[in-house]
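As stored in final_31.cif (mmCIF, C-alpha atoms and all ligand atoms):
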data_query
loop_
_atom_site.group_PDB
_atom_site.id
_atom_site.type_symbol
_atom_site.label_atom_id
_atom_site.label_comp_id
_atom_site.auth_asym_id
_atom_site.auth_seq_id
_atom_site.Cartn_x
_atom_site.Cartn_y
_atom_site.Cartn_z
ATOM 1 C CA MET A 1 110.358 97.278 87.591
ATOM 2 C CA ASN A 2 109.264 99.447 90.456
ATOM 3 C CA LYS A 3 106.654 98.021 92.763
ATOM 4 C CA ILE A 4 107.083 100.174 95.876
ATOM 5 C CA TYR A 5 103.589 101.651 95.777
ATOM 6 C CA LEU A 6 101.976 98.402 94.720
ATOM 7 C CA THR A 7 103.488 96.692 97.771
ATOM 8 C CA GLN A 8 102.479 99.538 100.038
ATOM 9 C CA THR A 9 98.909 99.670 98.690
ATOM 10 C CA ASN A 10 98.482 95.909 99.123
ATOM 11 C CA ARG A 11 99.901 96.079 102.635
ATOM 12 C CA LEU A 12 97.579 98.927 103.620
ATOM 13 C CA PHE A 13 94.597 97.113 102.134
ATOM 14 C CA ILE A 14 95.376 93.953 104.147
ATOM 15 C CA ILE A 15 95.769 96.094 107.288
ATOM 16 C CA TYR A 16 92.330 97.615 106.635
ATOM 17 C CA VAL A 17 90.725 94.211 106.086
ATOM 18 C CA ILE A 18 92.252 92.711 109.266
ATOM 19 C CA SER A 19 91.271 95.820 111.232
ATOM 20 C CA GLY A 20 87.749 95.614 109.828
ATOM 21 C CA PHE A 21 87.441 91.989 110.977
ATOM 22 C CA ALA A 22 88.912 92.862 114.382
ATOM 23 C CA TYR A 23 86.497 95.753 114.813
ATOM 24 C CA THR A 24 83.478 93.659 113.780
ATOM 25 C CA THR A 25 84.620 91.055 116.324
ATOM 26 C CA LEU A 26 84.833 93.803 118.935
ATOM 27 C CA LEU A 27 81.265 94.945 118.211
ATOM 28 C CA THR A 28 79.995 91.341 118.342
ATOM 29 C CA LEU A 29 81.785 90.717 121.648
ATOM 30 C CA LEU A 30 80.368 93.923 123.122
ATOM 31 C CA SER A 31 76.847 92.994 121.998
ATOM 32 C CA VAL A 32 77.080 89.502 123.458
ATOM 33 C CA ARG A 33 79.069 90.183 126.621
ATOM 34 C CA VAL A 34 78.113 93.705 127.668
ATOM 35 C CA LEU A 35 74.624 94.549 126.423
ATOM 36 C CA PRO A 36 72.549 91.861 128.275
ATOM 37 C CA GLY A 37 74.067 92.937 131.616
ATOM 38 C CA PHE A 38 73.596 96.605 130.705
ATOM 39 C CA PHE A 39 69.909 96.107 129.853
ATOM 40 C CA MET A 40 69.429 94.084 133.047
ATOM 41 C CA GLN A 41 70.987 96.807 135.195
ATOM 42 C CA THR A 42 68.953 99.508 133.443
ATOM 43 C CA LEU A 43 65.706 97.540 133.894
ATOM 44 C CA PHE A 44 66.561 96.855 137.500
ATOM 45 C CA PHE A 45 67.237 100.535 138.092
ATOM 46 C CA ILE A 46 63.921 101.624 136.497
ATOM 47 C CA ASP A 47 62.044 98.862 138.361
ATOM 48 C CA GLY A 48 63.693 99.975 141.608
ATOM 49 C CA VAL A 49 62.734 103.621 141.034
ATOM 50 C CA ILE A 50 59.110 102.729 140.181
ATOM 51 C CA LYS A 51 58.750 100.393 143.141
ATOM 52 C CA ASN A 52 60.743 102.651 145.418
ATOM 53 C CA ARG A 53 62.991 99.782 146.472
ATOM 54 C CA THR A 54 65.326 100.578 149.328
ATOM 55 C CA GLU A 55 68.359 98.721 147.970
ATOM 56 C CA ILE A 56 68.578 101.019 144.962
ATOM 57 C CA ALA A 57 71.194 103.392 146.386
ATOM 58 C CA SER A 58 73.657 100.644 147.223
ATOM 59 C CA ILE A 59 73.150 98.987 143.855
ATOM 60 C CA THR A 60 73.659 102.127 141.781
ATOM 61 C CA SER A 61 76.932 102.833 143.547
ATOM 62 C CA SER A 62 78.161 99.270 143.036
ATOM 63 C CA GLU A 63 81.089 98.669 140.746
ATOM 64 C CA ALA A 64 79.072 96.184 138.658
ATOM 65 C CA PHE A 65 76.361 98.771 138.016
ATOM 66 C CA ILE A 66 78.763 101.584 137.092
ATOM 67 C CA GLN A 67 80.846 99.302 134.867
ATOM 68 C CA SER A 68 77.747 97.965 133.114
ATOM 69 C CA ILE A 69 76.359 101.431 132.465
ATOM 70 C CA ILE A 70 79.642 102.872 131.162
ATOM 71 C CA PHE A 71 80.463 99.934 128.878
ATOM 72 C CA GLY A 72 76.820 99.547 127.852
ATOM 73 C CA LEU A 73 76.501 103.164 126.733
ATOM 74 C CA LEU A 74 79.869 102.936 124.988
ATOM 75 C CA SER A 75 78.793 99.763 123.154
ATOM 76 C CA LEU A 76 75.504 101.317 122.061
ATOM 77 C CA THR A 77 77.333 104.413 120.766
ATOM 78 C CA LEU A 78 79.818 102.300 118.779
ATOM 79 C CA LEU A 79 77.004 100.163 117.358
ATOM 80 C CA PHE A 80 75.117 103.305 116.360
ATOM 81 C CA ILE A 81 78.195 104.769 114.600
ATOM 82 C CA ALA A 82 78.815 101.451 112.809
ATOM 83 C CA SER A 83 75.197 101.148 111.611
ATOM 84 C CA ARG A 84 75.290 104.734 110.372
ATOM 85 C CA GLY A 85 78.550 103.916 108.548
ATOM 86 C CA VAL A 86 76.954 100.936 106.806
ATOM 87 C CA ILE A 87 73.957 103.061 105.766
ATOM 88 C CA ILE A 88 76.244 105.811 104.383
ATOM 89 C CA SER A 89 78.188 103.211 102.376
ATOM 90 C CA ILE A 90 74.982 101.755 100.929
ATOM 91 C CA GLN A 91 73.746 105.256 100.014
ATOM 92 C CA GLN A 92 77.077 105.930 98.270
ATOM 93 C CA LEU A 93 76.696 102.666 96.343
ATOM 94 C CA PHE A 94 73.303 103.822 95.048
ATOM 95 C CA LEU A 95 74.750 107.255 94.178
ATOM 96 C CA SER A 96 77.576 105.786 92.128
ATOM 97 C CA GLN A 97 75.192 103.327 90.436
ATOM 98 C CA LYS A 98 72.871 106.199 89.555
ATOM 99 C CA PHE A 99 75.816 108.142 88.132
ATOM 100 C CA LEU A 100 76.950 105.160 86.018
ATOM 101 C CA ASN A 101 73.405 104.625 84.745
ATOM 102 C CA SER A 102 73.248 108.301 83.747
ATOM 103 C CA LEU A 103 76.164 107.674 81.353
ATOM 104 C CA LYS A 104 73.826 105.369 79.412
ATOM 105 C CA SER A 105 76.633 103.154 78.206
ATOM 106 C CA LYS A 106 75.624 99.641 77.237
ATOM 107 C CA SER A 107 78.988 98.712 75.789
ATOM 108 C CA ASN A 108 80.726 95.577 77.042
ATOM 109 C CA LYS A 109 84.142 96.904 76.138
ATOM 110 C CA THR A 110 86.726 97.477 78.861
ATOM 111 C CA ILE A 111 87.341 101.076 77.762
ATOM 112 C CA ILE A 112 84.287 103.245 77.205
ATOM 113 C CA THR A 113 84.379 106.723 75.722
ATOM 114 C CA VAL A 114 81.749 109.007 77.198
ATOM 115 C CA GLU A 115 80.617 111.951 75.080
ATOM 116 C CA SER A 116 81.134 114.795 77.509
ATOM 117 C CA ASN A 117 82.568 118.288 77.827
ATOM 118 C CA GLU A 118 84.035 117.354 81.190
ATOM 119 C CA THR A 119 87.654 116.407 81.698
ATOM 120 C CA SER A 120 87.092 113.019 83.195
ATOM 121 C CA VAL A 121 88.579 109.528 83.433
ATOM 122 C CA PHE A 122 87.890 106.800 85.978
ATOM 123 C CA THR A 123 87.476 103.079 86.526
ATOM 124 C CA ALA A 124 84.201 101.775 87.926
ATOM 125 C CA GLY A 125 82.579 98.434 88.712
ATOM 126 C CA PHE A 126 83.302 95.933 91.470
ATOM 127 C CA PHE A 127 83.522 92.569 89.719
ATOM 128 C CA THR A 128 83.828 93.453 86.033
ATOM 129 C CA PRO A 129 85.302 96.963 86.170
ATOM 130 C CA LYS A 130 85.373 99.246 83.142
ATOM 131 C CA VAL A 131 87.453 102.287 82.252
ATOM 132 C CA TYR A 132 85.473 105.419 81.344
ATOM 133 C CA ILE A 133 87.114 108.334 79.567
ATOM 134 C CA SER A 134 85.453 111.522 78.389
ATOM 135 C CA SER A 135 85.697 112.540 74.753
ATOM 136 C CA LYS A 136 87.009 115.945 75.817
ATOM 137 C CA LEU A 137 89.929 114.477 77.758
ATOM 138 C CA LYS A 138 90.704 112.048 74.946
ATOM 139 C CA SER A 139 91.038 114.863 72.424
ATOM 140 C CA SER A 140 93.094 117.094 74.699
ATOM 141 C CA LEU A 141 95.950 114.626 75.273
ATOM 142 C CA THR A 142 98.751 113.545 72.954
ATOM 143 C CA SER A 143 98.687 109.850 72.033
ATOM 144 C CA GLU A 144 101.538 109.105 74.432
ATOM 145 C CA GLN A 145 99.830 110.950 77.312
ATOM 146 C CA LEU A 146 96.590 109.119 76.544
ATOM 147 C CA LYS A 147 98.442 105.781 76.652
ATOM 148 C CA ALA A 148 99.927 106.756 80.014
ATOM 149 C CA VAL A 149 96.490 107.641 81.414
ATOM 150 C CA LEU A 150 94.939 104.414 80.106
ATOM 151 C CA HIS A 151 97.741 102.278 81.569
ATOM 152 C CA HIS A 152 97.130 104.060 84.862
ATOM 153 C CA GLU A 153 93.436 103.138 84.642
ATOM 154 C CA PHE A 154 94.275 99.555 83.619
ATOM 155 C CA SER A 155 96.141 99.240 86.873
ATOM 156 C CA HIS A 156 92.908 100.165 88.739
ATOM 157 C CA TRP A 157 91.066 97.719 86.517
ATOM 158 C CA LYS A 158 93.379 94.745 87.105
ATOM 159 C CA ASP A 159 93.734 95.349 90.858
ATOM 160 C CA HIS A 160 89.972 95.818 91.369
ATOM 161 C CA ASP A 161 90.566 99.209 92.969
ATOM 162 C CA PRO A 162 86.878 100.281 92.925
ATOM 163 C CA LEU A 163 85.954 97.215 95.031
ATOM 164 C CA ARG A 164 88.953 97.545 97.316
ATOM 165 C CA GLY A 165 88.302 101.269 97.700
ATOM 166 C CA PHE A 166 84.705 100.533 98.680
ATOM 167 C CA ILE A 167 85.870 98.064 101.352
ATOM 168 C CA VAL A 168 88.389 100.572 102.765
ATOM 169 C CA GLN A 169 85.749 103.326 102.737
ATOM 170 C CA LEU A 170 83.201 101.034 104.429
ATOM 171 C CA ILE A 171 85.654 100.139 107.213
ATOM 172 C CA ASN A 172 86.536 103.813 107.579
ATOM 173 C CA ASN A 173 82.830 104.674 107.799
ATOM 174 C CA ILE A 174 82.007 102.150 110.539
ATOM 175 C CA LEU A 175 84.945 103.190 112.723
ATOM 176 C CA PRO A 176 84.461 105.968 115.281
ATOM 177 C CA GLN A 177 86.569 109.119 115.020
ATOM 178 C CA PHE A 178 90.155 108.815 116.305
ATOM 179 C CA PRO A 179 93.404 110.718 115.638
ATOM 180 C CA PHE A 180 94.856 110.173 112.150
ATOM 181 C CA LYS A 181 91.860 108.109 111.043
ATOM 182 C CA ASN A 182 91.232 110.207 107.923
ATOM 183 C CA LYS A 183 94.948 110.769 107.363
ATOM 184 C CA LEU A 184 95.439 107.014 107.010
ATOM 185 C CA LYS A 185 92.501 106.747 104.608
ATOM 186 C CA ASP A 186 93.928 109.606 102.487
ATOM 187 C CA ILE A 187 97.310 107.866 102.474
ATOM 188 C CA TYR A 188 95.614 104.703 101.185
ATOM 189 C CA PHE A 189 93.872 106.501 98.313
ATOM 190 C CA THR A 190 96.978 108.529 97.355
ATOM 191 C CA SER A 191 98.968 105.302 97.462
ATOM 192 C CA VAL A 192 96.461 103.662 95.085
ATOM 193 C CA GLU A 193 96.961 106.516 92.594
ATOM 194 C CA LEU A 194 100.757 106.411 92.896
ATOM 195 C CA LYS A 195 100.611 102.620 92.449
ATOM 196 C CA SER A 196 98.760 103.125 89.157
ATOM 197 C CA ASP A 197 101.194 105.861 88.057
ATOM 198 C CA GLU A 198 104.001 103.429 88.866
ATOM 199 C CA HIS A 199 102.319 100.797 86.676
ATOM 200 C CA SER A 200 101.989 103.273 83.800
ATOM 201 C CA GLU A 201 105.655 104.191 84.178
ATOM 202 C CA ASN A 202 106.704 100.524 84.259
ATOM 203 C CA ILE A 203 104.826 99.731 81.037
ATOM 204 C CA LEU A 204 105.957 102.800 79.074
ATOM 205 C CA GLY A 205 109.450 102.722 80.529
ATOM 206 C CA LYS A 206 109.248 106.428 81.392
ATOM 207 C CA LYS A 207 107.595 108.742 83.857
ATOM 208 C CA ARG A 208 107.244 111.746 81.599
ATOM 209 C CA PRO A 209 103.955 110.941 79.805
ATOM 210 C CA ILE A 210 101.955 110.424 83.015
ATOM 211 C CA ILE A 211 103.385 113.623 84.557
ATOM 212 C CA GLU A 212 102.577 115.585 81.381
ATOM 213 C CA ALA A 213 99.065 114.142 81.364
ATOM 214 C CA LEU A 214 98.571 115.209 84.993
ATOM 215 C CA TYR A 215 99.748 118.753 84.208
ATOM 216 C CA SER A 216 97.588 118.864 81.108
ATOM 217 C CA ILE A 217 94.474 117.761 83.013
ATOM 218 C CA LEU A 218 95.125 120.192 85.856
ATOM 219 C CA SER A 219 95.679 123.175 83.555
ATOM 220 C CA ASN A 220 92.940 122.229 81.092
ATOM 221 C CA ASP A 221 89.775 123.496 82.788
ATOM 222 C CA PHE A 222 89.827 120.812 85.461
ATOM 223 C CA SER A 223 86.205 119.762 85.883
ATOM 224 C CA MET A 224 86.189 116.195 87.113
ATOM 225 C CA THR A 225 82.952 115.136 88.757
ATOM 226 C CA MET A 226 83.814 113.153 91.856
ATOM 227 C CA GLN A 227 81.571 110.200 92.616
ATOM 228 C CA PRO A 228 81.972 107.647 95.401
ATOM 229 C CA ASN A 229 83.171 104.098 94.677
ATOM 230 C CA LEU A 230 84.949 104.925 91.447
ATOM 231 C CA ALA A 231 88.714 104.881 91.040
ATOM 232 C CA HIS A 232 89.217 108.455 89.834
ATOM 233 C CA PHE A 233 92.212 110.003 88.268
ATOM 234 C CA SER A 234 92.427 111.901 91.531
ATOM 235 C CA ASN A 235 94.765 113.121 94.293
ATOM 236 C CA MET A 236 96.712 115.043 91.634
ATOM 237 C CA PRO A 237 98.137 117.741 93.930
ATOM 238 C CA GLU A 238 99.614 114.971 96.123
ATOM 239 C CA ARG A 239 100.885 112.903 93.190
ATOM 240 C CA ILE A 240 102.757 115.492 91.145
ATOM 241 C CA PRO A 241 105.382 116.459 93.769
ATOM 242 C CA VAL A 242 106.079 112.769 94.467
ATOM 243 C CA LEU A 243 106.262 111.886 90.761
ATOM 244 C CA VAL A 244 108.625 114.729 89.845
ATOM 245 C CA GLY A 245 110.769 113.863 92.865
ATOM 246 C CA ALA A 246 110.172 117.157 94.711
ATOM 247 C CA LYS A 247 108.667 115.366 97.676
ATOM 248 C CA LYS A 248 109.344 111.980 99.183
ATOM 249 C CA PHE A 249 106.400 109.837 100.185
ATOM 250 C CA ASN A 250 106.802 109.326 103.919
ATOM 251 C CA PHE A 251 106.908 105.534 104.157
ATOM 252 C CA LYS A 252 108.035 105.639 107.789
ATOM 253 C CA LEU A 253 104.978 107.653 108.781
ATOM 254 C CA VAL A 254 102.727 105.222 106.907
ATOM 255 C CA THR A 255 104.312 102.189 108.601
ATOM 256 C CA THR A 256 104.090 103.793 112.055
ATOM 257 C CA LEU A 257 100.503 104.963 111.586
ATOM 258 C CA SER A 258 99.236 101.722 110.107
ATOM 259 C CA SER A 259 101.030 99.535 112.689
ATOM 260 C CA PHE A 260 99.494 101.575 115.483
ATOM 261 C CA PHE A 261 96.074 101.393 113.803
ATOM 262 C CA LEU A 262 96.352 97.613 113.413
ATOM 263 C CA PHE A 263 97.642 97.121 116.955
ATOM 264 C CA ALA A 264 94.825 99.199 118.486
ATOM 265 C CA LEU A 265 92.079 97.498 116.513
ATOM 266 C CA VAL A 266 93.333 93.967 117.139
ATOM 267 C CA SER A 267 94.053 94.464 120.850
ATOM 268 C CA LEU A 268 90.605 95.929 121.638
ATOM 269 C CA PRO A 269 88.626 92.680 121.070
ATOM 270 C CA VAL A 270 91.274 90.767 123.029
ATOM 271 C CA PHE A 271 90.826 93.247 125.894
ATOM 272 C CA VAL A 272 87.030 93.002 125.816
ATOM 273 C CA TYR A 273 87.272 89.203 125.693
ATOM 274 C CA THR A 274 89.448 89.032 128.812
ATOM 275 C CA VAL A 275 87.626 91.593 130.977
ATOM 276 C CA LYS A 276 84.825 90.228 133.162
ATOM 277 C CA PHE A 277 81.545 92.012 132.539
ATOM 278 C CA TYR A 278 78.376 91.833 134.516
ATOM 279 C CA ASN A 279 76.231 89.416 132.572
ATOM 280 C CA CYS A 280 72.574 88.465 132.581
ATOM 281 C CA GLU A 281 72.033 85.145 130.832
ATOM 282 C CA HIS A 282 68.244 85.263 130.976
ATOM 283 C CA ILE A 283 67.556 88.861 129.976
ATOM 284 C CA GLU A 284 64.324 87.729 128.213
ATOM 285 C CA ASP A 285 62.972 86.429 131.572
ATOM 286 C CA CYS A 286 63.924 89.666 133.310
ATOM 287 C CA ILE A 287 62.180 91.746 130.632
ATOM 288 C CA GLN A 288 59.093 89.514 131.028
ATOM 289 C CA ILE A 289 59.038 90.001 134.826
ATOM 290 C CA PHE A 290 59.632 93.737 134.398
ATOM 291 C CA VAL A 291 56.652 94.034 132.031
ATOM 292 C CA ASN A 292 54.509 91.857 134.348
ATOM 293 C CA ASN A 293 55.405 94.045 137.303
ATOM 294 C CA LEU A 294 54.363 97.135 135.361
ATOM 295 C CA GLN A 295 51.103 95.649 134.087
ATOM 296 C CA ASN A 296 49.959 93.950 137.293
ATOM 297 C CA ASN A 297 51.499 96.378 139.711
ATOM 298 C CA SER A 298 53.291 93.414 141.322
ATOM 299 C CA SER A 299 56.800 93.532 142.752
ATOM 300 C CA GLU A 300 58.423 90.281 141.817
ATOM 301 C CA ASN A 301 62.226 90.481 141.840
ATOM 302 C CA LEU A 302 63.676 90.770 138.322
ATOM 303 C CA CYS A 303 66.381 88.349 139.322
ATOM 304 C CA SER A 304 68.437 87.486 142.331
ATOM 305 C CA MET A 305 71.215 89.916 141.362
ATOM 306 C CA HIS A 306 70.211 92.263 144.136
ATOM 307 C CA SER A 307 72.084 90.081 146.579
ATOM 308 C CA MET A 308 75.242 90.856 144.609
ATOM 309 C CA ASP A 309 76.555 87.430 145.591
ATOM 310 C CA THR A 310 77.415 86.819 141.990
ATOM 311 C CA PRO A 311 78.782 90.136 140.754
ATOM 312 C CA THR A 312 79.765 88.873 137.287
ATOM 313 C CA SER A 313 76.748 86.777 136.519
ATOM 314 C CA CYS A 314 73.099 87.219 137.209
ATOM 315 C CA THR A 315 71.309 84.001 138.148
ATOM 316 C CA SER A 316 67.626 83.338 137.817
ATOM 317 C CA ASN A 317 65.349 83.244 140.824
HETATM 318 ZN ZN ZN B 401 93.775 106.658 89.318
#
Mind turning this structure into structure tokens?
Ligand SMILES: [Zn+2]
Amino acid sequence: MNKIYLTQTNRLFIIYVISGFAYTTLLTLLSVRVLPGFFMQTLFFIDGVIKNRTEIASITSSEAFIQSIIFGLLSLTLLFIASRGVIISIQQLFLSQKFLNSLKSKSNKTIITVESNETSVFTAGFFTPKVYISSKLKSSLTSEQLKAVLHHEFSHWKDHDPLRGFIVQLINNILPQFPFKNKLKDIYFTSVELKSDEHSENILGKKRPIIEALYSILSNDFSMTMQPNLAHFSNMPERIPVLVGAKKFNFKLVTTLSSFFLFALVSLPVFVYTVKFYNCEHIEDCIQIFVNNLQNNSSENLCSMHSMDTPTSCTSN
């Protein structure tokens, strides 16, 4: 029994989950350790400009100020990208739910035939997944090819690929752009398909039926509607050359890419944890004084940071 792609898919999924945790930790650390100091410095700068304070020039050129502004803006950008990623994932969830509802299937069976002129087969559902196959596809395959396709889908069903795919897509969505980010995601989804082909091959004891089914689907007015969060019978152009042995899946590239990805995402929170950032532990008080100053035209110091005696921590007056 071949389990190369199953092992690789599981490994990549674990790498994604660990990286997702590491990145969430990074965002939390940045919010807690960088943002209060950044807001303090920004408030102090605005207060200084309004009040025309003389110390402002020396403060704005201080290392603490520059560091706070750079890391603060960076943190805000990353938080913005992550929030947008979460929103996109939620929107995709609604889209796929809407699509599933449009199929109007109330059956509790694991395999559901959808009356449709589209060539379509996929597995959907996070906790109790179901396999959907269109009547057109069903009638266009031989019984052996159909078995091969259904065993492929059963592999998605038993491994909860729709749920795992959603998690991988969510992590991919919250991450900012970096080299090979989408390449690694594509590798994951191709690997999931090859894992399911491998399962089909293991059960039937031969590769031929799944390859024939792929060719048949591709040549037979290929009209699959792609929806997010469903495990589609997809990535066919990538699968066929690997299945027929014309192309080798580059495991070395996958290992190198994913190790680098994991290393980068785990080392970032460690880095942010060890670096000393300018911090303001009573940012609420500073905001209060800032607002008071504005309203009453007073010029109370926001906090004693101006002295710069304590460059990594801002102490209250
Ligand atoms: Zn599939």
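Going from atom CA of Gly20 of chain A over to atom CA of Ser191 of chain A, you cover 19.3 Å.
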Find the residues near ligand ZN 401 (chain B). Use a cut-off of 6 Å, count all atoms listed in the file, and write them as a list in words.
->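 Taking all atoms listed in the file into account, the residues around ligand ZN 401 (chain B) at most 6 Å away are Glu153, Glu193, Ala231, His232, Phe233 and Ser234 of chain A.
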So what do you get for atom CA of Thr119 of chain A versus atom CA of Glu201 of chain A, distance-wise?
->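 Separation of atom CA of Thr119 of chain A and atom CA of Glu201 of chain A: 21.9 Å.
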Excluding Phe260 of chain A and any residue of its chain fewer than 6 positions from it, enumerate the residues within 12 Å of it, using all atoms listed in the file, and give them as a PDB file with C-alpha atoms, in the coordinates of the input.
ATOM      1  CA  ILE A  15      95.769  96.094 107.288  1.00  0.00           C
ATOM      2  CA  SER A  19      91.271  95.820 111.232  1.00  0.00           C
ATOM      3  CA  PHE A 178      90.155 108.815 116.305  1.00  0.00           C
ATOM      4  CA  PRO A 179      93.404 110.718 115.638  1.00  0.00           C
ATOM      5  CA  PHE A 180      94.856 110.173 112.150  1.00  0.00           C
ATOM      6  CA  LYS A 181      91.860 108.109 111.043  1.00  0.00           C
ATOM      7  CA  LEU A 184      95.439 107.014 107.010  1.00  0.00           C
ATOM      8  CA  LEU A 253     104.978 107.653 108.781  1.00  0.00           C
ATOM      9  CA  VAL A 254     102.727 105.222 106.907  1.00  0.00           C
ATOM     10  CA  VAL A 266      93.333  93.967 117.139  1.00  0.00           C
ATOM     11  CA  SER A 267      94.053  94.464 120.850  1.00  0.00           C
TER      12      SER A 267
END
Using all atoms listed in the file, which of A:Lys248, A:Arg208, A:Lys276, A:His199 sits nearest Lys3 of chain A?
->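 The shortest atom-to-atom distance to Lys3 of chain A comes from A:His199.
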Measuring atom to atom with all atoms listed in the file, identify which of A:Ser96, A:Asn172, A:Ser139, A:Asn182 is nearest to Leu257 of chain A.
-> A:Asn182
Looking at A:Pro228, A:Pro269, A:Pro129, A:Pro241, which one is nearest to Asp159 of chain A, with distances taken over only C-alpha atoms?
->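 Under the stated criterion, the closest residue is A:Pro129.
Rounded to one decimal, atom CA of Lys147 of chain A and atom CA of Val244 of chain A lie 18.9 Å from each other.
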For the structure shown, which residues end up in the PyMOL selection byres (((chain A and resi 103) around 12) and not hetatm)? Put them as a PDB file with C-alpha atoms, in the coordinates of the input, please?
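Below you can see expr_7.pdb, which holds the result:
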ATOM      1  CA  SER A  96      77.576 105.786  92.128  1.00  0.00           C
ATOM      2  CA  GLN A  97      75.192 103.327  90.436  1.00  0.00           C
ATOM      3  CA  LYS A  98      72.871 106.199  89.555  1.00  0.00           C
ATOM      4  CA  PHE A  99      75.816 108.142  88.132  1.00  0.00           C
ATOM      5  CA  LEU A 100      76.950 105.160  86.018  1.00  0.00           C
ATOM      6  CA  ASN A 101      73.405 104.625  84.745  1.00  0.00           C
ATOM      7  CA  SER A 102      73.248 108.301  83.747  1.00  0.00           C
ATOM      8  CA  LYS A 104      73.826 105.369  79.412  1.00  0.00           C
ATOM      9  CA  SER A 105      76.633 103.154  78.206  1.00  0.00           C
ATOM     10  CA  LYS A 106      75.624  99.641  77.237  1.00  0.00           C
ATOM     11  CA  SER A 107      78.988  98.712  75.789  1.00  0.00           C
ATOM     12  CA  ILE A 112      84.287 103.245  77.205  1.00  0.00           C
ATOM     13  CA  THR A 113      84.379 106.723  75.722  1.00  0.00           C
ATOM     14  CA  VAL A 114      81.749 109.007  77.198  1.00  0.00           C
ATOM     15  CA  GLU A 115      80.617 111.951  75.080  1.00  0.00           C
ATOM     16  CA  SER A 116      81.134 114.795  77.509  1.00  0.00           C
ATOM     17  CA  ALA A 124      84.201 101.775  87.926  1.00  0.00           C
ATOM     18  CA  TYR A 132      85.473 105.419  81.344  1.00  0.00           C
ATOM     19  CA  ILE A 133      87.114 108.334  79.567  1.00  0.00           C
ATOM     20  CA  SER A 134      85.453 111.522  78.389  1.00  0.00           C
TER      21      SER A 134
END
Exactly which residues make up the result of the PyMOL selection byres (((chain A and resi 171) around 12) and not hetatm) on this file, given as a PyMOL selection string?
-> chain A and resi 13-24+81-86+88-89+164-170+172-177+181-182+184-185+265
Nearest to Phe277 of chain A by atom-to-atom distance, counting all atoms listed in the file, from A:Gln145, A:Gln67, A:Ser298, A:Thr28 |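 For Phe277 of chain A, the nearest of the given residues is A:Gln67.
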Kindly resolve the PyMOL selection byres (((chain A and resi 284) around 12) and not hetatm) on the present coordinates and return the residues as a list in words.
->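 Output from the PyMOL selection byres (((chain A and resi 284) around 12) and not hetatm), applied to this file: Pro36, Gly37, Phe39, Met40, Leu43, Cys280, Glu281, His282, Ile283, Asp285, Cys286, Ile287, Gln288, Ile289, Phe290, Val291, Leu302, Cys303 and Ser316 of chain A.
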Take the selection from the previous step and output its residues with C-alpha atoms, as a PDB file, in the frame of the given file.
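Result saved to part15.pdb:
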ATOM      1  CA  PRO A  36      72.549  91.861 128.275  1.00  0.00           C
ATOM      2  CA  GLY A  37      74.067  92.937 131.616  1.00  0.00           C
ATOM      3  CA  PHE A  39      69.909  96.107 129.853  1.00  0.00           C
ATOM      4  CA  MET A  40      69.429  94.084 133.047  1.00  0.00           C
ATOM      5  CA  LEU A  43      65.706  97.540 133.894  1.00  0.00           C
ATOM      6  CA  CYS A 280      72.574  88.465 132.581  1.00  0.00           C
ATOM      7  CA  GLU A 281      72.033  85.145 130.832  1.00  0.00           C
ATOM      8  CA  HIS A 282      68.244  85.263 130.976  1.00  0.00           C
ATOM      9  CA  ILE A 283      67.556  88.861 129.976  1.00  0.00           C
ATOM     10  CA  ASP A 285      62.972  86.429 131.572  1.00  0.00           C
ATOM     11  CA  CYS A 286      63.924  89.666 133.310  1.00  0.00           C
ATOM     12  CA  ILE A 287      62.180  91.746 130.632  1.00  0.00           C
ATOM     13  CA  GLN A 288      59.093  89.514 131.028  1.00  0.00           C
ATOM     14  CA  ILE A 289      59.038  90.001 134.826  1.00  0.00           C
ATOM     15  CA  PHE A 290      59.632  93.737 134.398  1.00  0.00           C
ATOM     16  CA  VAL A 291      56.652  94.034 132.031  1.00  0.00           C
ATOM     17  CA  LEU A 302      63.676  90.770 138.322  1.00  0.00           C
ATOM     18  CA  CYS A 303      66.381  88.349 139.322  1.00  0.00           C
ATOM     19  CA  SER A 316      67.626  83.338 137.817  1.00  0.00           C
TER      20      SER A 316
END
Minimum-distance residue to Val192 of chain A, chosen among A:Val121, A:Ala264, A:Leu141, A:Leu12 (using only C-alpha atoms) =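 Smallest distance to Val192 of chain A is found for A:Leu12.
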4 Å per side around segment 109-120 of chain A: axis-aligned box centre and edge lengths, as AutoDock Vina command-line options:
--center_x 84.1 --center_y 107.6 --center_z 79.1 --size_x 15.0 --size_y 29.4 --size_z 16.1
Taking into account all atoms listed in the file, which residue in the set A:Ala64, A:Leu95, A:Leu194, A:Val270 is nearest to Thr7 of chain A?
-> A:Leu194
Would you kindly return, as a PDB file with C-alpha atoms, in the frame of the given file, each protein, DNA or RNA residue with an atom no farther than 9 Å from any atom of Lys207 of chain A, considering only C-alpha atoms and excluding same-chain residues fewer than 5 positions away?
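selection-v4.pdb written:
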ATOM      1  CA  ALA A 148      99.927 106.756  80.014  1.00  0.00           C
ATOM      2  CA  ASP A 197     101.194 105.861  88.057  1.00  0.00           C
ATOM      3  CA  GLU A 198     104.001 103.429  88.866  1.00  0.00           C
ATOM      4  CA  SER A 200     101.989 103.273  83.800  1.00  0.00           C
ATOM      5  CA  GLU A 201     105.655 104.191  84.178  1.00  0.00           C
ATOM      6  CA  ASN A 202     106.704 100.524  84.259  1.00  0.00           C
ATOM      7  CA  GLU A 212     102.577 115.585  81.381  1.00  0.00           C
ATOM      8  CA  LEU A 243     106.262 111.886  90.761  1.00  0.00           C
ATOM      9  CA  VAL A 244     108.625 114.729  89.845  1.00  0.00           C
TER      10      VAL A 244
END
Would you list the residues near (81.7, 91.4, 85.1) (no more than 12 Å away, in the coordinates of the file, using only C-alpha atoms) as a ChimeraX atom specification?
-> /A:108-110,124-130,157,160
